[in-house]
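Dropping model_4.cif in here (mmCIF, C-alpha atoms):
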```cif
data_my_file
#
loop_
_atom_site.label_atom_id
_atom_site.label_comp_id
_atom_site.auth_asym_id
_atom_site.auth_seq_id
_atom_site.Cartn_x
_atom_site.Cartn_y
_atom_site.Cartn_z
CA MET A 1 21.22 -6.23 44.51
CA GLN A 2 24.30 -7.62 42.89
CA ILE A 3 26.71 -5.94 40.53
CA ALA A 4 26.36 -8.96 38.29
CA ASP A 5 22.66 -8.16 37.78
CA PHE A 6 23.41 -4.96 35.83
CA THR A 7 24.01 -4.61 32.13
CA PRO A 8 26.37 -1.90 30.78
CA GLU A 9 23.32 0.12 29.65
CA THR A 10 21.75 0.25 33.11
CA SER A 11 24.70 0.21 35.53
CA TYR A 12 25.78 3.84 35.06
CA LYS A 13 22.21 5.14 35.37
CA PHE A 14 21.86 3.17 38.60
CA LEU A 15 25.14 4.49 40.04
CA SER A 16 24.24 8.05 39.03
CA GLY A 17 20.96 7.74 40.87
CA LEU A 18 22.73 6.55 44.03
CA SER A 19 24.65 9.85 44.33
CA SER A 20 21.42 11.77 45.03
CA GLN A 21 20.20 9.34 47.69
CA LYS A 22 21.03 9.33 51.34
CA ALA A 23 24.34 7.94 52.52
CA GLY A 24 22.51 5.21 54.44
CA ASN A 25 21.03 3.84 51.26
CA ARG A 26 24.42 3.85 49.58
CA GLN A 27 25.98 2.04 52.55
CA SER A 28 23.20 -0.59 52.48
CA PHE A 29 23.97 -1.21 48.83
CA TYR A 30 27.67 -1.61 49.51
CA MET A 31 27.01 -4.03 52.33
CA ALA A 32 24.63 -6.06 50.18
CA THR A 33 27.25 -6.16 47.45
CA GLN A 34 29.88 -7.20 49.97
CA ARG A 35 27.64 -9.95 51.33
CA THR A 36 27.05 -11.29 47.84
CA PHE A 37 30.76 -11.26 47.16
CA PHE A 38 31.41 -13.00 50.46
CA ASN A 39 28.85 -15.74 49.75
CA LYS A 40 30.27 -16.41 46.31
CA GLN A 41 33.81 -16.42 47.61
CA GLN A 42 32.84 -18.71 50.47
CA ALA A 43 31.26 -21.22 48.06
CA ALA A 44 34.32 -21.10 45.80
CA ASN A 45 36.62 -21.62 48.77
CA GLN A 46 34.55 -24.53 50.04
CA ASN A 47 34.81 -26.25 46.66
CA PHE A 48 38.53 -25.54 46.52
CA ASN A 49 38.99 -26.82 50.05
CA LYS A 50 37.28 -30.10 49.14
CA THR A 51 39.50 -30.53 46.07
CA LEU A 52 42.57 -29.61 48.07
CA ARG A 53 41.66 -32.05 50.82
CA GLN A 54 41.21 -34.89 48.36
CA ALA A 55 44.54 -34.14 46.66
CA GLY A 56 46.21 -33.82 50.05
CA ASP A 57 44.85 -37.18 51.18
CA ARG A 58 46.25 -38.82 48.04
CA THR A 59 49.62 -37.20 48.71
CA LEU A 60 49.66 -38.36 52.33
CA ASP A 61 48.60 -41.86 51.36
CA SER A 62 51.31 -42.24 48.70
CA ALA A 63 53.93 -40.70 51.00
CA THR A 64 53.21 -42.99 53.95
CA ALA A 65 53.57 -45.98 51.62
CA LEU A 66 57.29 -45.09 51.60
CA PHE A 67 57.76 -44.51 55.35
CA ALA A 68 60.53 -46.71 56.76
CA ASN A 69 58.45 -47.70 59.79
CA SER A 70 55.19 -48.18 57.92
CA ALA A 71 53.60 -51.60 57.55
CA ARG A 72 52.74 -50.49 54.01
CA ASN A 73 56.35 -49.63 53.15
CA ALA A 74 56.68 -50.60 49.49
CA PHE A 75 60.41 -51.22 49.93
CA ARG A 76 59.53 -54.23 52.11
CA ALA A 77 57.45 -55.94 49.41
CA ARG A 78 58.84 -59.28 48.22
CA THR A 79 58.44 -61.57 45.23
CA VAL A 80 58.96 -65.33 44.91
CA SER A 81 60.05 -66.86 41.61
CA GLY A 82 61.16 -70.24 40.42
CA GLY A 83 61.35 -70.66 36.67
CA GLY A 84 58.02 -72.44 36.21
CA ILE A 85 58.91 -75.15 38.74
CA ILE A 86 57.70 -73.22 41.76
CA SER A 87 55.84 -69.97 42.41
CA GLY A 88 54.65 -68.25 45.53
CA ASP A 89 54.51 -65.12 47.63
CA ALA A 90 56.29 -63.73 50.65
CA ALA A 91 55.23 -61.45 53.47
CA ALA A 92 56.61 -57.93 53.66
CA GLY A 93 60.14 -57.91 55.01
CA ALA A 94 60.88 -61.57 54.31
CA HIS A 95 64.60 -62.27 54.08
CA GLN A 96 65.94 -62.02 50.53
CA ALA A 97 67.54 -65.27 49.45
CA ARG A 98 68.53 -67.46 46.52
CA HIS A 99 68.53 -71.23 46.99
CA THR A 100 68.22 -74.34 44.87
CA ILE A 101 65.00 -76.32 44.99
CA THR A 102 64.34 -79.66 43.32
CA VAL A 103 60.76 -80.90 43.10
CA GLN A 104 60.91 -84.65 42.70
CA ARG A 105 57.22 -85.35 42.96
CA LEU A 106 54.00 -83.42 43.39
CA ALA A 107 51.43 -84.33 45.99
CA GLY A 108 48.31 -86.00 44.66
CA ALA A 109 49.81 -86.49 41.21
CA ARG A 110 50.13 -89.67 39.22
CA GLY A 111 53.23 -90.96 37.53
CA VAL A 112 54.16 -93.38 34.77
CA VAL A 113 56.63 -96.26 35.13
CA SER A 114 58.18 -98.64 32.65
CA ASP A 115 58.35 -102.41 32.95
CA THR A 116 60.73 -103.79 35.53
CA LEU A 117 63.76 -104.80 33.43
CA ASP A 118 66.89 -106.86 33.98
CA ALA A 119 69.44 -104.07 34.51
CA GLY A 120 72.46 -105.78 32.97
CA ALA A 121 70.73 -107.48 30.06
CA THR A 122 71.28 -106.18 26.54
CA ASN A 123 68.37 -104.07 25.40
CA THR A 124 66.19 -105.90 22.89
CA SER A 125 65.40 -102.87 20.72
CA GLY A 126 68.73 -103.04 18.91
CA ALA A 127 70.97 -100.29 17.59
CA GLY A 128 69.46 -97.20 16.00
CA ILE A 129 68.02 -93.74 16.44
CA TYR A 130 64.71 -94.00 18.25
CA SER A 131 62.20 -91.14 18.24
CA PHE A 132 59.23 -90.91 20.56
CA LEU A 133 56.54 -88.34 21.29
CA VAL A 134 55.51 -86.90 24.63
CA LYS A 135 52.18 -85.12 24.51
CA SER A 136 51.59 -82.56 27.25
CA ASN A 137 48.94 -79.82 27.37
CA ASN A 138 47.77 -80.87 23.89
CA GLN A 139 51.20 -80.27 22.39
CA ASP A 140 53.48 -82.98 20.98
CA PHE A 141 57.20 -82.91 21.76
CA ARG A 142 59.45 -85.12 19.64
CA LEU A 143 62.43 -86.58 21.48
CA SER A 144 65.07 -89.02 20.31
CA VAL A 145 67.82 -91.23 21.71
CA LYS A 146 70.63 -93.20 20.13
CA VAL A 147 70.83 -96.84 21.17
CA ASN A 148 74.02 -98.79 20.59
CA GLN A 149 74.13 -102.49 19.80
CA LEU A 150 75.42 -103.56 23.21
CA ASP A 151 73.55 -101.06 25.40
CA THR A 152 72.04 -102.60 28.49
CA ASN A 153 68.51 -101.97 29.70
CA GLU A 154 69.91 -99.69 32.39
CA GLN A 155 71.81 -97.60 29.83
CA VAL A 156 68.81 -97.30 27.52
CA VAL A 157 66.43 -96.37 30.33
CA GLN A 158 68.90 -93.69 31.47
CA LYS A 159 69.05 -92.26 27.93
CA VAL A 160 65.27 -92.02 27.79
CA ALA A 161 65.23 -90.33 31.21
CA ASP A 162 67.87 -87.82 30.10
CA ALA A 163 65.89 -86.98 26.97
CA ILE A 164 62.69 -86.32 28.94
CA ASN A 165 64.45 -84.25 31.60
CA GLY A 166 66.32 -82.24 28.99
CA ALA A 167 63.17 -81.30 27.10
CA GLY A 168 61.97 -78.86 29.78
CA LEU A 169 58.49 -80.36 29.99
CA GLY A 170 58.15 -79.95 33.74
CA LEU A 171 58.42 -83.74 34.16
CA ASN A 172 60.94 -85.57 36.30
CA ALA A 173 62.27 -88.84 34.88
CA THR A 174 64.32 -90.98 37.26
CA LEU A 175 66.00 -94.33 37.15
CA GLU A 176 64.84 -96.71 39.91
CA ARG A 177 67.33 -99.53 40.50
CA ASN A 178 66.85 -102.54 42.73
CA ALA A 179 70.42 -103.56 43.52
CA LEU A 180 69.37 -106.77 45.25
CA ALA A 181 67.30 -108.01 42.32
CA ASP A 182 69.53 -106.28 39.74
CA THR A 183 66.49 -104.75 38.08
CA VAL A 184 65.76 -101.27 36.80
CA LYS A 185 62.73 -99.29 35.71
CA LEU A 186 62.00 -95.75 34.56
CA ARG A 187 59.68 -93.52 36.58
CA VAL A 188 58.26 -90.27 35.18
CA ASP A 189 56.67 -87.95 37.76
CA GLY A 190 55.59 -84.33 37.83
CA PHE A 191 52.11 -84.49 36.35
CA LYS A 192 49.73 -82.02 37.93
CA PRO A 193 46.69 -83.57 39.62
CA GLY A 194 44.17 -84.51 36.96
CA ALA A 195 46.62 -83.90 34.10
CA ILE A 196 47.57 -87.53 33.49
CA SER A 197 44.75 -87.92 30.96
CA SER A 198 46.28 -85.21 28.76
CA VAL A 199 49.77 -86.76 28.73
CA THR A 200 50.75 -89.59 26.39
CA PHE A 201 53.96 -91.40 25.49
CA ARG A 202 54.19 -93.10 22.14
CA ASP A 203 56.84 -94.23 19.69
CA ALA A 204 57.38 -92.15 16.58
CA ALA A 205 59.97 -94.47 15.04
CA HIS A 206 60.53 -98.13 15.92
CA THR A 207 59.24 -99.44 19.25
CA LEU A 208 61.59 -98.26 22.01
CA LEU A 209 58.90 -97.18 24.52
CA GLN A 210 56.90 -100.30 23.78
CA ASP A 211 59.98 -102.43 24.36
CA ILE A 212 60.64 -100.95 27.82
CA GLY A 213 56.93 -100.88 28.69
CA LEU A 214 56.52 -97.11 29.24
CA SER A 215 52.82 -96.41 28.68
CA SER A 216 50.23 -93.89 29.86
CA LYS A 217 47.34 -95.95 28.48
CA ARG A 218 47.13 -98.53 31.26
CA PHE A 219 47.71 -98.84 34.98
CA SER A 220 50.89 -100.44 36.26
CA GLN A 221 50.48 -103.95 37.67
CA GLY A 222 53.30 -105.99 39.15
CA SER A 223 56.33 -105.73 36.84
CA THR A 224 54.26 -104.30 33.97
CA GLY A 225 54.65 -100.60 33.38
CA GLY A 226 51.91 -97.99 33.22
CA ILE A 227 50.20 -95.34 35.34
CA THR A 228 51.07 -95.58 39.01
CA GLU A 229 48.64 -95.05 41.86
CA VAL A 230 48.14 -91.58 43.33
CA ASN A 231 51.17 -90.45 45.29
CA ASP A 232 50.36 -89.35 48.83
CA ASN A 233 53.09 -86.75 49.33
CA ALA A 234 55.15 -84.22 47.45
CA VAL A 235 58.89 -84.76 47.67
CA PHE A 236 61.32 -81.88 47.24
CA THR A 237 64.72 -80.67 48.39
CA ILE A 238 65.95 -77.21 49.35
CA ASP A 239 69.73 -76.91 49.28
CA ASN A 240 70.13 -80.70 49.61
CA ALA A 241 67.71 -81.02 52.56
CA THR A 242 64.83 -83.32 51.57
CA PHE A 243 61.23 -82.80 52.66
CA THR A 244 57.81 -84.30 52.07
CA SER A 245 54.45 -82.57 52.13
CA ASP A 246 50.88 -83.75 51.76
CA THR A 247 50.04 -80.63 49.76
CA ASN A 248 51.72 -78.70 46.95
CA ARG A 249 51.58 -75.42 48.88
CA VAL A 250 54.07 -75.22 51.69
CA ALA A 251 54.64 -72.49 54.27
CA LEU A 252 58.18 -71.52 55.21
CA TYR A 253 58.96 -69.56 58.37
CA GLU A 254 61.97 -68.14 60.15
CA GLY A 255 63.47 -70.72 62.52
CA SER A 256 61.41 -73.66 61.30
CA LEU A 257 59.72 -75.37 58.40
CA THR A 258 56.24 -75.83 59.75
CA TYR A 259 53.17 -77.88 58.89
CA PRO A 260 52.34 -79.21 56.34
CA ILE A 261 56.03 -79.94 55.80
CA THR A 262 57.69 -82.84 57.62
CA ASN A 263 61.32 -83.81 57.43
CA THR A 264 62.21 -87.19 55.97
CA ALA A 265 64.21 -89.58 58.08
CA GLY A 266 67.87 -88.64 58.30
CA ALA A 267 67.54 -85.44 56.27
CA GLN A 268 69.05 -82.14 57.32
CA VAL A 269 66.75 -80.01 59.45
CA LEU A 270 66.03 -76.50 58.18
CA GLY A 271 65.10 -74.65 61.33
CA GLY A 272 66.39 -73.73 64.76
CA SER A 273 70.14 -73.97 65.26
CA ASP A 274 70.44 -76.77 62.69
CA ARG A 275 69.08 -74.94 59.67
CA GLY A 276 72.45 -75.07 57.96
CA GLY A 277 72.29 -72.33 55.34
CA GLY A 278 70.82 -69.92 57.89
CA GLY A 279 68.40 -67.07 57.40
CA LEU A 280 66.56 -68.81 54.59
CA TYR A 281 63.20 -67.21 55.25
CA GLY A 282 63.99 -64.11 57.30
CA ASP A 283 61.59 -62.79 59.89
CA TYR A 284 58.40 -63.48 57.98
CA ARG A 285 56.58 -66.16 56.07
CA ALA A 286 57.14 -67.20 52.49
CA THR A 287 54.68 -69.53 50.79
CA ILE A 288 55.84 -71.80 47.97
CA ASN A 289 53.65 -73.49 45.37
CA LEU A 290 55.14 -76.69 43.94
CA ASP A 291 54.04 -76.43 40.31
CA ALA A 292 56.06 -79.04 38.43
CA ALA A 293 58.92 -81.48 38.81
CA GLY A 294 62.43 -80.23 38.15
CA THR A 295 65.27 -78.17 39.57
CA THR A 296 65.36 -74.39 39.69
CA ALA A 297 66.52 -71.42 41.75
CA LEU A 298 64.20 -70.38 44.56
CA ASN A 299 64.42 -66.58 44.63
CA ILE A 300 62.96 -64.39 47.33
CA ASN A 301 63.70 -60.85 46.18
CA ALA A 302 62.61 -57.29 46.82
CA ASP A 303 59.66 -56.35 44.63
CA SER A 304 61.36 -53.58 42.67
CA ALA A 305 58.28 -53.03 40.51
CA ALA A 306 56.13 -52.34 43.58
CA ALA A 307 58.72 -49.98 45.05
CA ALA A 308 59.17 -48.10 41.77
CA GLY A 309 55.41 -47.77 41.40
CA ALA A 310 55.10 -46.38 44.91
CA VAL A 311 57.83 -43.79 44.26
CA GLU A 312 56.20 -42.76 40.99
CA SER A 313 52.79 -42.43 42.69
CA PHE A 314 54.32 -40.24 45.41
CA ILE A 315 56.04 -37.96 42.90
CA ASP A 316 52.89 -37.64 40.77
CA ASN A 317 50.50 -36.95 43.66
CA THR A 318 52.86 -34.43 45.25
CA GLY A 319 53.16 -32.55 41.95
CA LYS A 320 49.39 -32.34 41.55
CA TYR A 321 49.01 -31.12 45.13
CA LEU A 322 51.60 -28.40 44.60
CA ASP A 323 49.75 -27.26 41.48
CA LEU A 324 46.64 -26.66 43.60
CA LEU A 325 48.56 -24.82 46.29
CA ASP A 326 50.19 -22.55 43.73
CA VAL A 327 46.90 -21.18 42.37
CA HIS A 328 45.72 -20.10 45.84
CA THR A 329 46.69 -16.74 47.31
CA ALA A 330 46.59 -17.71 50.99
CA HIS A 331 49.89 -17.11 52.73
CA THR A 332 49.82 -20.49 54.48
CA TYR A 333 49.39 -22.33 51.20
CA ARG A 334 52.23 -20.44 49.60
CA GLN A 335 54.48 -21.27 52.57
CA SER A 336 53.54 -24.94 52.38
CA SER A 337 54.25 -25.10 48.65
CA GLU A 338 57.59 -23.34 49.01
CA PHE A 339 58.63 -25.66 51.83
CA ILE A 340 57.88 -28.85 49.88
CA LYS A 341 59.53 -27.50 46.73
CA SER A 342 62.66 -26.54 48.68
CA GLU A 343 62.93 -30.10 50.03
CA PHE A 344 62.79 -31.54 46.52
CA ASP A 345 65.20 -28.94 45.12
CA ALA A 346 67.70 -29.77 47.86
CA SER A 347 67.67 -33.39 46.66
CA ALA A 348 67.57 -32.59 42.93
CA ARG A 349 70.90 -34.26 42.16
CA SER A 350 69.98 -37.47 43.98
CA LEU A 351 66.59 -37.52 42.28
CA GLU A 352 68.15 -37.06 38.86
CA ASN A 353 70.45 -40.02 39.51
CA MET A 354 67.28 -42.07 39.89
CA GLY A 355 65.68 -40.84 36.68
CA ILE A 356 63.50 -38.19 38.40
CA LYS A 357 63.91 -34.75 36.85
CA LYS A 358 62.46 -31.28 37.20
CA SER A 359 60.68 -29.87 34.17
CA ASN A 360 58.53 -26.72 34.05
CA GLY A 361 58.85 -26.37 37.79
CA ALA A 362 57.61 -29.89 38.60
CA TYR A 363 59.36 -33.22 39.24
CA SER A 364 58.41 -36.39 37.40
CA VAL A 365 59.81 -39.86 36.76
CA GLU A 366 61.26 -39.52 33.27
CA GLN A 367 63.38 -42.71 33.25
CA LYS A 368 61.43 -45.55 34.83
CA ALA A 369 64.06 -48.15 33.94
CA LYS A 370 66.73 -46.08 35.71
CA LEU A 371 64.60 -45.78 38.85
CA ARG A 372 63.96 -49.53 38.94
CA ASP A 373 67.65 -50.25 38.37
CA ARG A 374 68.59 -48.08 41.36
CA ILE A 375 66.00 -49.81 43.52
CA GLU A 376 67.36 -53.23 42.52
CA ASN A 377 71.06 -52.41 42.83
CA ASN A 378 71.20 -49.59 45.40
CA PRO A 379 68.03 -50.02 47.46
CA SER A 380 69.49 -48.36 50.58
CA ASP A 381 70.16 -45.11 48.67
CA VAL A 382 66.60 -44.93 47.40
CA GLN A 383 65.11 -45.78 50.79
CA ASP A 384 67.26 -43.20 52.55
CA LEU A 385 66.19 -40.48 50.15
CA PHE A 386 62.47 -41.17 50.44
CA ALA A 387 61.83 -43.20 53.58
CA SER A 388 64.31 -42.06 56.24
CA PRO A 389 63.03 -39.82 59.09
CA PHE A 390 64.20 -36.74 57.17
CA GLY A 391 63.47 -38.16 53.73
CA LEU A 392 61.26 -36.61 51.10
CA ALA A 393 58.15 -38.57 52.07
CA PRO A 394 58.05 -37.51 55.78
CA ARG A 395 59.05 -33.93 54.92
CA THR A 396 56.32 -33.71 52.29
CA VAL A 397 53.78 -34.96 54.82
CA PHE A 398 54.94 -32.27 57.25
CA GLY A 399 54.53 -29.55 54.64
CA ALA A 400 51.18 -30.84 53.38
CA LEU A 401 49.69 -31.02 56.86
CA GLN A 402 50.46 -27.33 57.42
CA SER A 403 48.28 -26.36 54.47
CA MET A 404 45.57 -28.92 55.20
CA THR A 405 45.08 -27.86 58.83
CA ALA A 406 45.53 -24.07 58.47
CA PRO A 407 42.44 -21.86 57.99
CA MET A 408 42.05 -20.08 54.69
CA VAL A 409 42.49 -16.31 55.03
CA ASN A 410 41.31 -14.88 51.74
CA PHE A 411 37.63 -14.55 52.63
CA ALA A 412 36.38 -10.98 52.19
CA PRO A 413 35.17 -9.72 55.61
CA ILE A 414 31.87 -7.89 56.09
CA GLU A 415 32.91 -4.29 56.45
CA THR A 416 31.51 -0.80 56.89
CA LEU A 417 31.65 2.02 54.42
CA SER A 418 34.79 3.45 55.96
CA ASN A 419 36.89 0.35 55.21
CA SER A 420 39.12 0.93 52.20
CA SER A 421 38.69 -2.66 50.98
CA LEU A 422 35.23 -1.80 49.73
CA ALA A 423 36.72 0.16 46.89
CA ARG A 424 38.89 -2.82 45.98
CA ILE A 425 35.96 -5.23 46.08
CA THR A 426 33.59 -3.09 44.06
CA GLY A 427 36.39 -2.09 41.70
CA MET A 428 36.18 0.67 39.18
CA LEU A 429 32.37 0.77 39.27
CA PHE A 430 32.47 3.07 42.32
CA SER A 431 34.07 6.39 42.88
CA SER A 432 36.87 6.45 45.42
CA SER A 433 35.13 9.38 47.11
CA PHE A 434 32.33 7.15 48.40
#
```

Render the structure in this file as structure tokens.
Amino acid sequence: MQIADFTPETSYKFLSGLSSQKAGNRQSFYMATQRTFFNKQQAANQNFNKTLRQAGDRTLDSATALFANSARNAFRARTVSGGGIISGDAAAGAHQARHTITVQRLAGARGVVSDTLDAGATNTSGAGIYSFLVKSNNQDFRLSVKVNQLDTNEQVVQKVADAINGAGLGLNATLERNALADTVKLRVDGFKPGAISSVTFRDAAHTLLQDIGLSSKRFSQGSTGGITEVNDNAVFTIDNATFTSDTNRVALYEGSLTYPITNTAGAQVLGGSDRGGGGLYGDYRATINLDAAGTTALNINADSAAAAGAVESFIDNTGKYLDLLDVHTAHTYRQSSEFIKSEFDASARSLENMGIKKSNGAYSVEQKAKLRDRIENNPSDVQDLFASPFGLAPRTVFGALQSMTAPMVNFAPIETLSNSSLARITGMLFSSSF
């Protein structure tokens, strides 16, 4: 029988009847009641243990993501950026760097050239303001140049090149001069493979582009301008060292620039003892995508967003785990909770400086921008607090493991009638004289 089976109307009659029965019957009832209590408590504890284990695993997982010696250390994550000219990714721990990269030509892309013109001859278009349209990605961009009466072909072609480069279209317009023949022509590169069909050049006022022969409607033949043949290699420079590649995705390593990159004749070697700038790629790989022609900064930086997210996950999971420990009466759980809380409280000032504050007994990231700013500008302080051997992440793991590996001690034991805990278990329903 179980106490829970009785209604208020029947329980007192049942208990009154027990007093006239033999002590053995009463003891059997108590033991049955104790067994029922034990079974229920055991089931409740098993469910709690499963929940606690899951929360503990999440805490351990988020904590080890901050360990200084962990391959998953979020503070070692890196980003690669390049203002739309290049993109990419870098392996964990790659050396942080800022360099200048100029993409002159993409691999497998087509270009457009003007007619081959007499460099020193006076341009035939005449003086005036000339407008022309460059259509890229189904959007028209209106550009204009001012041509003076005595401007030469070379001067006019340079003005057109400057206008295209200054428009930020991801195209690279260059002046190609043949000193021996004293000729000049304009080359426009930087079209992504297959994108040449969506790019057009046309005059909006007068006939400047027509006069210099810059057209995307025909293929170039001889001295006549138009679409050039497919270029075999990408051409780019990193800090004034020029390279070619047969693909637009290039792998950069410590000590060398490896395949598919090859150094052009006479160019500075980036790698070994001759890498010049030194330490460009750190200990691990960075991979660069050449996306468009142009010049930009190649940045390999710490991924502050990833690090901030890892810290926030650790704080959140630890708080939820402590909430579970606090509702349990086991001594080991209470000790574990108090240990972890004391570690956080000892670092309260440092945490607050990073936007992490204590509210209602729990810590949380209240100023995400402040945390990210500290990671970007004082990364060593943040790493020391969380990731050092005695940082909050390892100490939290130590405390959590004590509660996850210790046996629970609040099961009610099976006892005899003489044990005083029976009265506590059965509560006020039984007389203390039993």

Would you mind reading off the distance between CA of Leu351 (chain A) and CA of Asn69 (chain A), one decimal, in Å?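 The value is 21.8 Å.
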
What does the structure give for the distance between CA of Glu376 (chain A) and CA of Ser304 (chain A), in Å to one decimal? 6.0 Å

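Each of A:Glu352, A:Asp115, A:Asp316, A:Asp89 was checked against Leu214 (chain A) using all atoms listed in the file; the smallest atom-to-atom distance is that of A:Asp115.
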
Distance criterion (only C-alpha atoms): nearest to Thr224 (chain A) out of A:Ala107, A:Ala163, A:Leu186, A:Leu150: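 For Thr224 (chain A), the nearest of the candidates is A:Leu186.
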
Using CA of Arg142 (chain A) and CA of Gly226 (chain A) as the two end points, give the distance in Å to one decimal.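 Going from CA of Arg142 (chain A) over to CA of Gly226 (chain A), I get 20.2 Å.
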
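Proximity to Gln54 (chain A) was assessed for A:Thr207, A:Gln221, A:Asn317, A:Thr287 counting only C-alpha atoms; the smallest distance is recorded for A:Asn317.
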
Residue members of the PyMOL selection byres ((chain A and resi 151) around 12) in the file shown, as number ranges by chain: A: 119-128, 145-150, 152-159

So that I can see what lies close to Thr237 (chain A), please list as a list in words the residues with an atom at most 9 Å from it, counting all atoms listed in the file and leaving out residues fewer than 6 positions away in the same chain. Thr100, Ile101, Thr102, Val103, Gln104, Phe243 and Thr244 of chain A
